[in-house]
$ cat run-v8.pdb   # PDB, C-alpha atoms and all ligand atoms
MODEL        1
ATOM      1  CA  MET A   1     -37.282 -26.101  -0.959
ATOM      2  CA  VAL A   2     -37.022 -22.556  -2.295
ATOM      3  CA  GLN A   3     -39.358 -22.486  -5.299
ATOM      4  CA  ILE A   4     -42.726 -22.216  -3.588
ATOM      5  CA  ASN A   5     -45.449 -20.775  -5.814
ATOM      6  CA  PRO A   6     -48.898 -21.161  -4.321
ATOM      7  CA  ASN A   7     -51.928 -20.385  -6.405
ATOM      8  CA  THR A   8     -53.447 -18.021  -3.815
ATOM      9  CA  GLU A   9     -54.781 -14.483  -3.410
ATOM     10  CA  TRP A  10     -52.909 -13.689  -0.182
ATOM     11  CA  ALA A  11     -51.624 -16.799   1.610
ATOM     12  CA  GLY A  12     -47.847 -17.044   1.225
ATOM     13  CA  LEU A  13     -47.546 -14.305  -1.400
ATOM     14  CA  GLU A  14     -44.853 -12.630   0.711
ATOM     15  CA  LEU A  15     -42.518 -15.489   1.473
ATOM     16  CA  HIS A  16     -39.362 -15.614   3.596
ATOM     17  CA  TYR A  17     -37.263 -18.740   3.167
ATOM     18  CA  ARG A  18     -34.526 -19.590   5.683
ATOM     19  CA  GLU A  19     -32.019 -22.428   5.392
ATOM     20  CA  GLU A  20     -31.826 -22.474   9.193
ATOM     21  CA  THR A  21     -33.560 -20.409  11.844
ATOM     22  CA  SER A  22     -34.408 -20.678  15.533
ATOM     23  CA  SER A  23     -38.184 -20.864  15.071
ATOM     24  CA  THR A  24     -40.325 -19.868  12.087
ATOM     25  CA  ASN A  25     -43.063 -18.829  14.534
ATOM     26  CA  ASP A  26     -40.700 -16.353  16.209
ATOM     27  CA  ASP A  27     -39.530 -15.030  12.828
ATOM     28  CA  CYS A  28     -43.104 -14.612  11.645
ATOM     29  CA  LYS A  29     -44.135 -12.833  14.869
ATOM     30  CA  GLN A  30     -41.264 -10.410  14.377
ATOM     31  CA  LEU A  31     -42.284  -9.759  10.759
ATOM     32  CA  MET A  32     -45.842  -9.077  11.897
ATOM     33  CA  ARG A  33     -44.583  -6.580  14.494
ATOM     34  CA  GLN A  34     -42.708  -4.866  11.677
ATOM     35  CA  GLY A  35     -45.914  -4.536   9.638
ATOM     36  CA  ALA A  36     -45.799  -7.562   7.309
ATOM     37  CA  PRO A  37     -49.033  -8.180   5.375
ATOM     38  CA  HIS A  38     -51.781 -10.673   6.183
ATOM     39  CA  GLY A  39     -50.690 -14.028   4.808
ATOM     40  CA  VAL A  40     -46.918 -13.551   5.149
ATOM     41  CA  LEU A  41     -45.145 -16.908   5.254
ATOM     42  CA  VAL A  42     -41.887 -18.072   6.803
ATOM     43  CA  VAL A  43     -40.520 -21.440   5.705
ATOM     44  CA  ALA A  44     -37.319 -22.995   7.012
ATOM     45  CA  ASP A  45     -35.357 -26.096   6.097
ATOM     46  CA  SER A  46     -34.375 -26.590   9.747
ATOM     47  CA  GLN A  47     -34.947 -24.972  13.148
ATOM     48  CA  THR A  48     -32.533 -24.777  16.057
ATOM     49  CA  ALA A  49     -35.203 -23.978  18.678
ATOM     50  CA  GLY A  50     -38.464 -25.287  17.197
ATOM     51  CA  LYS A  51     -41.349 -24.787  19.630
ATOM     52  CA  GLY A  52     -44.139 -27.232  20.391
ATOM     53  CA  ARG A  53     -47.265 -26.735  22.453
ATOM     54  CA  ARG A  54     -47.156 -26.633  26.253
ATOM     55  CA  GLY A  55     -43.565 -25.395  26.266
ATOM     56  CA  ARG A  56     -42.204 -28.527  24.588
ATOM     57  CA  ASN A  57     -39.563 -28.421  21.885
ATOM     58  CA  TRP A  58     -40.158 -29.510  18.286
ATOM     59  CA  ILE A  59     -37.389 -31.622  16.784
ATOM     60  CA  SER A  60     -36.474 -29.873  13.518
ATOM     61  CA  PRO A  61     -33.751 -31.612  11.450
ATOM     62  CA  PRO A  62     -32.677 -30.304   7.995
ATOM     63  CA  GLY A  63     -33.764 -31.685   4.615
ATOM     64  CA  VAL A  64     -36.670 -33.875   5.666
ATOM     65  CA  ALA A  65     -39.576 -31.903   7.121
ATOM     66  CA  VAL A  66     -41.880 -28.921   6.713
ATOM     67  CA  PHE A  67     -41.538 -25.988   9.107
ATOM     68  CA  MET A  68     -43.825 -23.137   8.110
ATOM     69  CA  SER A  69     -45.550 -20.233   9.853
ATOM     70  CA  ILE A  70     -48.210 -17.953   8.437
ATOM     71  CA  GLY A  71     -49.017 -14.512   9.853
ATOM     72  CA  LEU A  72     -52.620 -13.308   9.865
ATOM     73  CA  ARG A  73     -54.433 -10.082  10.713
ATOM     74  CA  PRO A  74     -57.999 -11.188  11.392
ATOM     75  CA  GLY A  75     -60.424  -8.351  11.987
ATOM     76  CA  PHE A  76     -62.488 -10.257  14.547
ATOM     77  CA  ALA A  77     -62.226 -10.400  18.361
ATOM     78  CA  PRO A  78     -59.101 -12.180  19.633
ATOM     79  CA  GLU A  79     -61.287 -14.675  21.584
ATOM     80  CA  SER A  80     -62.199 -16.287  18.260
ATOM     81  CA  ALA A  81     -58.635 -16.689  17.018
ATOM     82  CA  ALA A  82     -58.099 -20.085  18.681
ATOM     83  CA  MET A  83     -60.537 -21.571  16.162
ATOM     84  CA  LEU A  84     -58.074 -20.810  13.345
ATOM     85  CA  THR A  85     -55.925 -23.655  14.640
ATOM     86  CA  LEU A  86     -58.708 -26.076  13.757
ATOM     87  CA  VAL A  87     -59.090 -24.447  10.342
ATOM     88  CA  MET A  88     -55.393 -25.090   9.704
ATOM     89  CA  ALA A  89     -55.626 -28.660  11.043
ATOM     90  CA  LEU A  90     -58.401 -29.395   8.578
ATOM     91  CA  ALA A  91     -56.409 -27.933   5.671
ATOM     92  CA  VAL A  92     -53.258 -29.877   6.580
ATOM     93  CA  ALA A  93     -55.135 -33.158   7.037
ATOM     94  CA  GLU A  94     -56.848 -32.802   3.675
ATOM     95  CA  VAL A  95     -53.623 -31.956   1.841
ATOM     96  CA  VAL A  96     -51.534 -34.627   3.555
ATOM     97  CA  GLU A  97     -54.115 -37.189   2.506
ATOM     98  CA  GLU A  98     -54.300 -35.861  -1.064
ATOM     99  CA  VAL A  99     -50.531 -35.685  -1.557
ATOM    100  CA  SER A 100     -49.528 -38.890   0.241
ATOM    101  CA  GLY A 101     -52.573 -41.045  -0.400
ATOM    102  CA  LEU A 102     -52.562 -41.986   3.316
ATOM    103  CA  GLU A 103     -55.657 -41.549   5.464
ATOM    104  CA  ALA A 104     -55.069 -38.496   7.652
ATOM    105  CA  ARG A 105     -57.149 -37.946  10.788
ATOM    106  CA  ILE A 106     -57.228 -35.168  13.364
ATOM    107  CA  LYS A 107     -56.638 -35.680  17.068
ATOM    108  CA  TRP A 108     -58.560 -32.790  18.603
ATOM    109  CA  PRO A 109     -57.747 -29.997  18.548
ATOM    110  CA  ASN A 110     -54.929 -29.964  16.030
ATOM    111  CA  ASP A 111     -52.601 -32.963  15.734
ATOM    112  CA  ILE A 112     -52.611 -34.764  12.404
ATOM    113  CA  VAL A 113     -52.458 -38.495  12.846
ATOM    114  CA  ILE A 114     -51.730 -41.347  10.439
ATOM    115  CA  ASN A 115     -52.193 -44.930  11.574
ATOM    116  CA  LYS A 116     -52.678 -43.602  15.135
ATOM    117  CA  LYS A 117     -49.308 -41.817  15.134
ATOM    118  CA  LYS A 118     -48.676 -38.067  15.056
ATOM    119  CA  VAL A 119     -47.257 -36.731  11.788
ATOM    120  CA  CYS A 120     -47.913 -32.997  12.231
ATOM    121  CA  GLY A 121     -48.250 -30.484  15.052
ATOM    122  CA  ILE A 122     -49.648 -26.947  14.941
ATOM    123  CA  LEU A 123     -48.770 -24.066  17.258
ATOM    124  CA  THR A 124     -50.876 -20.901  17.169
ATOM    125  CA  GLU A 125     -49.634 -17.742  18.863
ATOM    126  CA  LEU A 126     -51.382 -14.398  19.311
ATOM    127  CA  GLN A 127     -49.704 -11.073  19.831
ATOM    128  CA  LEU A 128     -51.225  -7.740  20.658
ATOM    129  CA  GLU A 129     -49.866  -4.802  18.735
ATOM    130  CA  THR A 130     -49.284  -1.865  21.027
ATOM    131  CA  VAL A 131     -50.060   1.594  19.721
ATOM    132  CA  ASN A 132     -48.978   3.270  22.921
ATOM    133  CA  LEU A 133     -47.966   1.853  26.275
ATOM    134  CA  THR A 134     -51.492   1.399  27.614
ATOM    135  CA  GLN A 135     -53.611   0.578  24.587
ATOM    136  CA  TYR A 136     -53.686  -1.908  21.822
ATOM    137  CA  SER A 137     -55.619  -1.449  18.646
ATOM    138  CA  ALA A 138     -55.061  -4.744  16.901
ATOM    139  CA  TYR A 139     -53.540  -8.163  17.181
ATOM    140  CA  SER A 140     -51.952 -10.656  14.885
ATOM    141  CA  VAL A 141     -51.967 -14.426  14.806
ATOM    142  CA  VAL A 142     -49.152 -16.726  13.767
ATOM    143  CA  ILE A 143     -49.965 -20.337  12.932
ATOM    144  CA  GLY A 144     -46.938 -22.638  12.778
ATOM    145  CA  VAL A 145     -47.071 -26.055  11.157
ATOM    146  CA  GLY A 146     -44.459 -28.792  11.538
ATOM    147  CA  ILE A 147     -44.805 -31.940   9.421
ATOM    148  CA  ASN A 148     -42.624 -35.024   9.580
ATOM    149  CA  VAL A 149     -42.219 -35.761   5.879
ATOM    150  CA  ASN A 150     -39.165 -37.706   4.747
ATOM    151  CA  GLN A 151     -37.567 -38.821   8.012
ATOM    152  CA  THR A 152     -36.379 -42.426   7.806
ATOM    153  CA  PHE A 153     -36.253 -42.640  11.600
ATOM    154  CA  LEU A 154     -37.479 -40.476  14.458
ATOM    155  CA  ASP A 155     -35.859 -39.443  17.698
ATOM    156  CA  GLU A 156     -36.174 -42.038  20.426
ATOM    157  CA  GLU A 157     -38.186 -39.657  22.629
ATOM    158  CA  ILE A 158     -41.037 -39.421  20.070
ATOM    159  CA  ASP A 159     -40.628 -42.711  18.204
ATOM    160  CA  ALA A 160     -43.468 -44.533  20.000
ATOM    161  CA  THR A 161     -46.116 -41.903  19.248
ATOM    162  CA  ALA A 162     -44.900 -40.117  16.085
ATOM    163  CA  THR A 163     -44.247 -41.064  12.478
ATOM    164  CA  SER A 164     -43.318 -39.500   9.115
ATOM    165  CA  LEU A 165     -45.051 -39.681   5.741
ATOM    166  CA  LEU A 166     -42.102 -41.628   4.338
ATOM    167  CA  LEU A 167     -42.216 -44.199   7.131
ATOM    168  CA  GLU A 168     -45.914 -44.793   6.479
ATOM    169  CA  LYS A 169     -45.914 -44.599   2.670
ATOM    170  CA  LYS A 170     -42.454 -46.022   1.963
ATOM    171  CA  GLU A 171     -41.936 -43.281  -0.640
ATOM    172  CA  THR A 172     -40.615 -39.741  -0.414
ATOM    173  CA  VAL A 173     -43.155 -36.924  -0.542
ATOM    174  CA  SER A 174     -42.577 -33.441  -2.020
ATOM    175  CA  ARG A 175     -42.281 -30.815   0.713
ATOM    176  CA  VAL A 176     -42.830 -27.978  -1.770
ATOM    177  CA  LEU A 177     -46.087 -29.505  -2.971
ATOM    178  CA  LEU A 178     -47.286 -29.912   0.609
ATOM    179  CA  VAL A 179     -46.561 -26.252   1.439
ATOM    180  CA  GLU A 180     -48.187 -24.943  -1.751
ATOM    181  CA  LYS A 181     -51.323 -27.015  -1.352
ATOM    182  CA  ILE A 182     -51.655 -26.250   2.373
ATOM    183  CA  LEU A 183     -51.577 -22.523   1.577
ATOM    184  CA  GLU A 184     -54.223 -22.941  -1.114
ATOM    185  CA  CYS A 185     -56.493 -25.074   1.050
ATOM    186  CA  PHE A 186     -56.035 -22.914   4.155
ATOM    187  CA  GLU A 187     -56.904 -19.764   2.213
ATOM    188  CA  LYS A 188     -60.100 -21.403   0.952
ATOM    189  CA  TYR A 189     -61.150 -22.584   4.437
ATOM    190  CA  TYR A 190     -60.153 -19.260   6.047
ATOM    191  CA  GLU A 191     -62.487 -17.402   3.677
ATOM    192  CA  GLN A 192     -65.308 -19.801   4.555
ATOM    193  CA  PHE A 193     -64.564 -19.369   8.263
ATOM    194  CA  MET A 194     -64.658 -15.575   7.891
ATOM    195  CA  GLN A 195     -68.220 -15.633   6.569
ATOM    196  CA  THR A 196     -69.524 -16.606  10.023
ATOM    197  CA  VAL A 197     -66.416 -16.312  12.249
ATOM    198  CA  ASP A 198     -67.099 -19.798  13.509
ATOM    199  CA  LEU A 199     -66.709 -23.366  12.311
ATOM    200  CA  SER A 200     -70.313 -23.903  11.234
ATOM    201  CA  GLN A 201     -69.338 -24.446   7.592
ATOM    202  CA  LEU A 202     -66.312 -26.629   8.369
ATOM    203  CA  LYS A 203     -67.603 -28.655  11.327
ATOM    204  CA  GLU A 204     -68.867 -31.570   9.258
ATOM    205  CA  GLU A 205     -65.576 -32.017   7.373
ATOM    206  CA  TYR A 206     -63.621 -31.670  10.618
ATOM    207  CA  GLU A 207     -65.757 -34.253  12.419
ATOM    208  CA  LYS A 208     -65.288 -36.762   9.568
ATOM    209  CA  ARG A 209     -61.569 -36.633  10.276
ATOM    210  CA  LEU A 210     -61.818 -36.591  14.051
ATOM    211  CA  VAL A 211     -59.929 -39.617  15.322
ATOM    212  CA  ASN A 212     -61.463 -39.194  18.793
ATOM    213  CA  ARG A 213     -65.026 -39.323  17.496
ATOM    214  CA  ASN A 214     -67.083 -41.926  19.350
ATOM    215  CA  ALA A 215     -63.919 -42.918  21.179
ATOM    216  CA  PRO A 216     -63.362 -42.995  24.921
ATOM    217  CA  VAL A 217     -61.407 -39.983  26.174
ATOM    218  CA  ARG A 218     -60.127 -38.857  29.502
ATOM    219  CA  VAL A 219     -60.341 -35.118  30.100
ATOM    220  CA  LEU A 220     -57.641 -33.682  32.327
ATOM    221  CA  GLU A 221     -58.898 -30.336  33.613
ATOM    222  CA  PRO A 222     -57.150 -28.175  36.165
ATOM    223  CA  LYS A 223     -60.163 -28.819  38.457
ATOM    224  CA  GLY A 224     -60.106 -32.613  38.094
ATOM    225  CA  GLU A 225     -60.342 -35.499  35.648
ATOM    226  CA  TYR A 226     -63.257 -37.359  34.110
ATOM    227  CA  SER A 227     -63.914 -39.973  31.428
ATOM    228  CA  GLY A 228     -66.422 -39.905  28.622
ATOM    229  CA  THR A 229     -66.980 -40.380  24.908
ATOM    230  CA  ALA A 230     -66.079 -37.688  22.389
ATOM    231  CA  VAL A 231     -69.125 -37.092  20.210
ATOM    232  CA  GLY A 232     -67.942 -34.233  17.968
ATOM    233  CA  ILE A 233     -67.230 -30.504  18.125
ATOM    234  CA  ASN A 234     -69.469 -27.453  18.389
ATOM    235  CA  ASN A 235     -69.336 -24.366  16.162
ATOM    236  CA  ARG A 236     -66.641 -22.832  18.366
ATOM    237  CA  GLY A 237     -64.376 -25.855  17.980
ATOM    238  CA  GLU A 238     -64.848 -27.148  21.502
ATOM    239  CA  LEU A 239     -64.797 -30.925  21.890
ATOM    240  CA  LEU A 240     -68.163 -32.335  22.977
ATOM    241  CA  VAL A 241     -67.664 -35.077  25.530
ATOM    242  CA  GLN A 242     -70.533 -37.183  26.814
ATOM    243  CA  ARG A 243     -69.768 -37.979  30.427
ATOM    244  CA  GLU A 244     -70.609 -41.274  32.064
ATOM    245  CA  ASP A 245     -73.679 -39.638  33.692
ATOM    246  CA  GLY A 246     -74.956 -38.733  30.175
ATOM    247  CA  MET A 247     -74.234 -35.013  30.433
ATOM    248  CA  ILE A 248     -72.526 -33.441  27.406
ATOM    249  CA  GLN A 249     -69.684 -31.148  28.287
ATOM    250  CA  ALA A 250     -67.933 -28.731  25.892
ATOM    251  CA  VAL A 251     -64.187 -28.909  26.407
ATOM    252  CA  TYR A 252     -62.180 -25.796  25.567
ATOM    253  CA  ALA A 253     -58.721 -26.452  24.091
ATOM    254  CA  GLY A 254     -56.934 -23.890  26.216
ATOM    255  CA  GLU A 255     -57.939 -25.502  29.489
ATOM    256  CA  VAL A 256     -57.479 -29.197  29.129
ATOM    257  CA  SER A 257     -55.574 -32.063  27.726
ATOM    258  CA  VAL A 258     -57.579 -34.909  26.234
ATOM    259  CA  ARG A 259     -56.068 -38.357  26.312
ATOM    260  CA  GLY A 260     -57.380 -41.357  24.482
ATOM    261  CA  ILE A 261     -57.810 -44.169  26.920
ATOM    262  CA  TYR A 262     -55.911 -46.532  24.636
ATOM    263  CA  GLY A 263     -52.472 -45.140  23.826
ATOM    264  CA  TYR A 264     -51.738 -41.934  21.980
ATOM    265  CA  VAL A 265     -55.140 -41.442  20.316
TER     266      VAL A 265
HETATM  267  C1  LIG B 301     -47.092 -29.329  18.762
HETATM  268  O1  LIG B 301     -46.536 -29.369  19.872
HETATM  269  O2  LIG B 301     -47.791 -30.266  18.379
HETATM  270  C2  LIG B 301     -46.944 -28.111  17.885
HETATM  271  C3  LIG B 301     -45.694 -28.161  17.071
HETATM  272  C4  LIG B 301     -45.531 -26.979  16.128
HETATM  273  C5  LIG B 301     -44.214 -27.008  15.404
HETATM  274  C6  LIG B 301     -44.110 -25.959  14.332
HETATM  275  S1  LIG B 301     -42.697 -26.169  13.299
HETATM  276  C7  LIG B 301     -42.958 -24.620  12.565
HETATM  277  C8  LIG B 301     -43.378 -23.685  13.675
HETATM  278  N1  LIG B 301     -42.218 -23.111  14.334
HETATM  279  C9  LIG B 301     -42.116 -23.496  15.603
HETATM  280  O3  LIG B 301     -41.205 -23.155  16.390
HETATM  281  N2  LIG B 301     -43.122 -24.322  15.914
HETATM  282  C10 LIG B 301     -44.033 -24.511  14.791
ENDMDL
END

$ encode --input "run-v8.pdb" --output "structure tokens" --more "lines below"
Ligand code: BTN
Amino acid sequence: MVQINPNTEWAGLELHYREETSSTNDDCKQLMRQGAPHGVLVVADSQTAGKGRRGRNWISPPGVAVFMSIGLRPGFAPESAAMLTLVMALAVAEVVEEVSGLEARIKWPNDIVINKKKVCGILTELQLETVNLTQYSAYSVVIGVGINVNQTFLDEEIDATATSLLLEKKETVSRVLLVEKILECFEKYYEQFMQTVDLSQLKEEYEKRLVNRNAPVRVLEPKGEYSGTAVGINNRGELLVQREDGMIQAVYAGEVSVRGIYGYV
């Protein structure tokens, strides 16, 4: 997996490859603290402490998957950085579909799903860069992507809800090609995103891939739960849910978990 040559202006031009590491997100965060450039990439063949969302672990065996993290220095307010996760989800879904030929959908906000099973997860982390002990002048973002590519079987704990590209396609898929094309596609979408610092230009493409669209969802908020129908996203990437009383509510990714009423999606 070492010869990765994306055709990009900045994404993945500085590349750190590790045979084994604890977490590419942690490595990338450290590189950013040390002043690495926008677009720096860490790729590993395996991880010993891969991190998932909500404090879960991410199973990271050698030789069969993609573990990559990209470091970014966006100039905009940190409140907008969460939207970059959706930008990455769109890029990964498009590339997975192009490279594997399988229909890839997005489970809001950022799981990539094939045949209703999860094939990729994305973890975005923000860190403030301290200039002295009381002030910060800037922040960086690390977006980590884990894709199940050539696994012939999955761990029992995720087997019911997850899959790999090989299990779905019955053919191996090139991990290098996936990484290169994701970098190229992400760079293109990032530049589009930067023109407005919102998802207005990408919303339509994202909604086409949204597996929850027009599907019943149950929103689990800290304040309580309710059911409704997901109707799309707004320009800030919030999920629009029409409640049973007809009211449309914007659901912010940081606050809630959205469950499909039928199974994983
Ligand atoms: C999820 O829970 O869906 C997010 C999983 C993110 C996993 C990737 S693998 C590469 C990067 N390094 C990590 O430790 N996590 C992310």

$ residues_near_ligand --input "run-v8.pdb" --ligand "ligand LIG 301 (chain B)" --cutoff "7 Å" --atoms "all atoms listed in the file" --output "PyMOL selection string"
chain A and resi 23-26+49-54+56+58+67-69+111+120-123+144-146

$ residues_around --input "run-v8.pdb" --residues "Phe76 in chain A" --least-positions-apart "3" --cutoff "9 Å" --atoms "all atoms listed in the file" --output "list in words"
Arg73, Glu79, Ser80, Ala81, Met194 and Val197 of chain A

$ atom_distance --input "run-v8.pdb" --atom1 "CA of Ala162 in chain A" --atom2 "CA of Asn57 in chain A"
14.1 Å

$ closest_residue --input "run-v8.pdb" --among "A:Gly12, A:Gly246, A:Pro216, A:Pro6" --to "Val258 in chain A" --atoms "all atoms listed in the file"
A:Pro216

$ resolve_selection --input "run-v8.pdb" --expression "the PyMOL selection byres (((chain A and resi 149) around 10) and not hetatm)" --output "list of chain:residue names"
A:Gly63, A:Val64, A:Ala65, A:Val66, A:Val96, A:Ser100, A:Val119, A:Cys120, A:Gly146, A:Ile147, A:Asn148, A:Asn150, A:Gln151, A:Thr152, A:Thr163, A:Ser164, A:Leu165, A:Leu166, A:Leu167, A:Glu168, A:Glu171, A:Thr172, A:Val173, A:Ser174, A:Arg175, A:Leu178

$ resolve_selection --input "run-v8.pdb" --expression "the PyMOL selection byres (((chain A and resi 213) around 12) and not hetatm)" --output "ChimeraX atom specification"
/A:105-109,204,206-212,214-217,228-233,239-242,260,265

$ atom_distance --input "run-v8.pdb" --atom1 "CA of Leu128 in chain A" --atom2 "CA of Arg236 in chain A"
21.7 Å

$ residues_around --input "run-v8.pdb" --residues "Thr8 in chain A" --least-positions-apart "6" --cutoff "8 Å" --atoms "only C-alpha atoms" --output "mmCIF file with C-alpha atoms, in the frame of the given file"
data_model
loop_
_atom_site.group_PDB
_atom_site.id
_atom_site.type_symbol
_atom_site.label_atom_id
_atom_site.label_comp_id
_atom_site.auth_asym_id
_atom_site.auth_seq_id
_atom_site.Cartn_x
_atom_site.Cartn_y
_atom_site.Cartn_z
ATOM 1 C CA LEU A 183 -51.577 -22.523 1.577
ATOM 2 C CA GLU A 184 -54.223 -22.941 -1.114
ATOM 3 C CA GLU A 187 -56.904 -19.764 2.213
#

$ axis_aligned_box --input "run-v8.pdb" --around "range 110-124 of chain A" --padding-each-side "3 Å" --output "lines of an AutoDock Vina configuration file"
center_x = -51.1
center_y = -32.9
center_z = 13.8
size_x = 13.7
size_y = 30.0
size_z = 12.8

$ closest_residue --input "run-v8.pdb" --among "A:Arg218, A:Gln47, A:Val95, A:Lys117" --to "Ile158 in chain A" --atoms "all atoms listed in the file"
A:Lys117

$ residues_around --input "run-v8.pdb" --residues "Cys28 in chain A" --least-positions-apart "5" --cutoff "7 Å" --atoms "only C-alpha atoms" --output "JSON, numbers by chain"
{"A": [42, 69, 70, 71, 142]}

$ closest_residue --input "run-v8.pdb" --among "A:Glu180, A:Asp198, A:Glu244, A:Glu19" --to "Asn7 in chain A" --atoms "all atoms listed in the file"
A:Glu180

$ residues_around --input "run-v8.pdb" --residues "Ala104 in chain A" --least-positions-apart "3" --cutoff "6 Å" --atoms "all atoms listed in the file" --output "PDB file with C-alpha atoms, in the coordinates of the input"
ATOM      1  CA  ALA A  93     -55.135 -33.158   7.037  1.00  0.00           C
ATOM      2  CA  GLU A  97     -54.115 -37.189   2.506  1.00  0.00           C
ATOM      3  CA  VAL A 113     -52.458 -38.495  12.846  1.00  0.00           C
ATOM      4  CA  ILE A 114     -51.730 -41.347  10.439  1.00  0.00           C
TER       5      ILE A 114
END

$ resolve_selection --input "run-v8.pdb" --expression "the PyMOL selection byres (((chain A and resi 140) around 6) and not hetatm)" --output "PyMOL selection string"
chain A and resi 72-73+126-127+139+141

$ closest_residue --input "run-v8.pdb" --among "A:Ala138, A:Leu31, A:Ala36, A:Leu41" --to "Val179 in chain A" --atoms "all atoms listed in the file"
A:Leu41
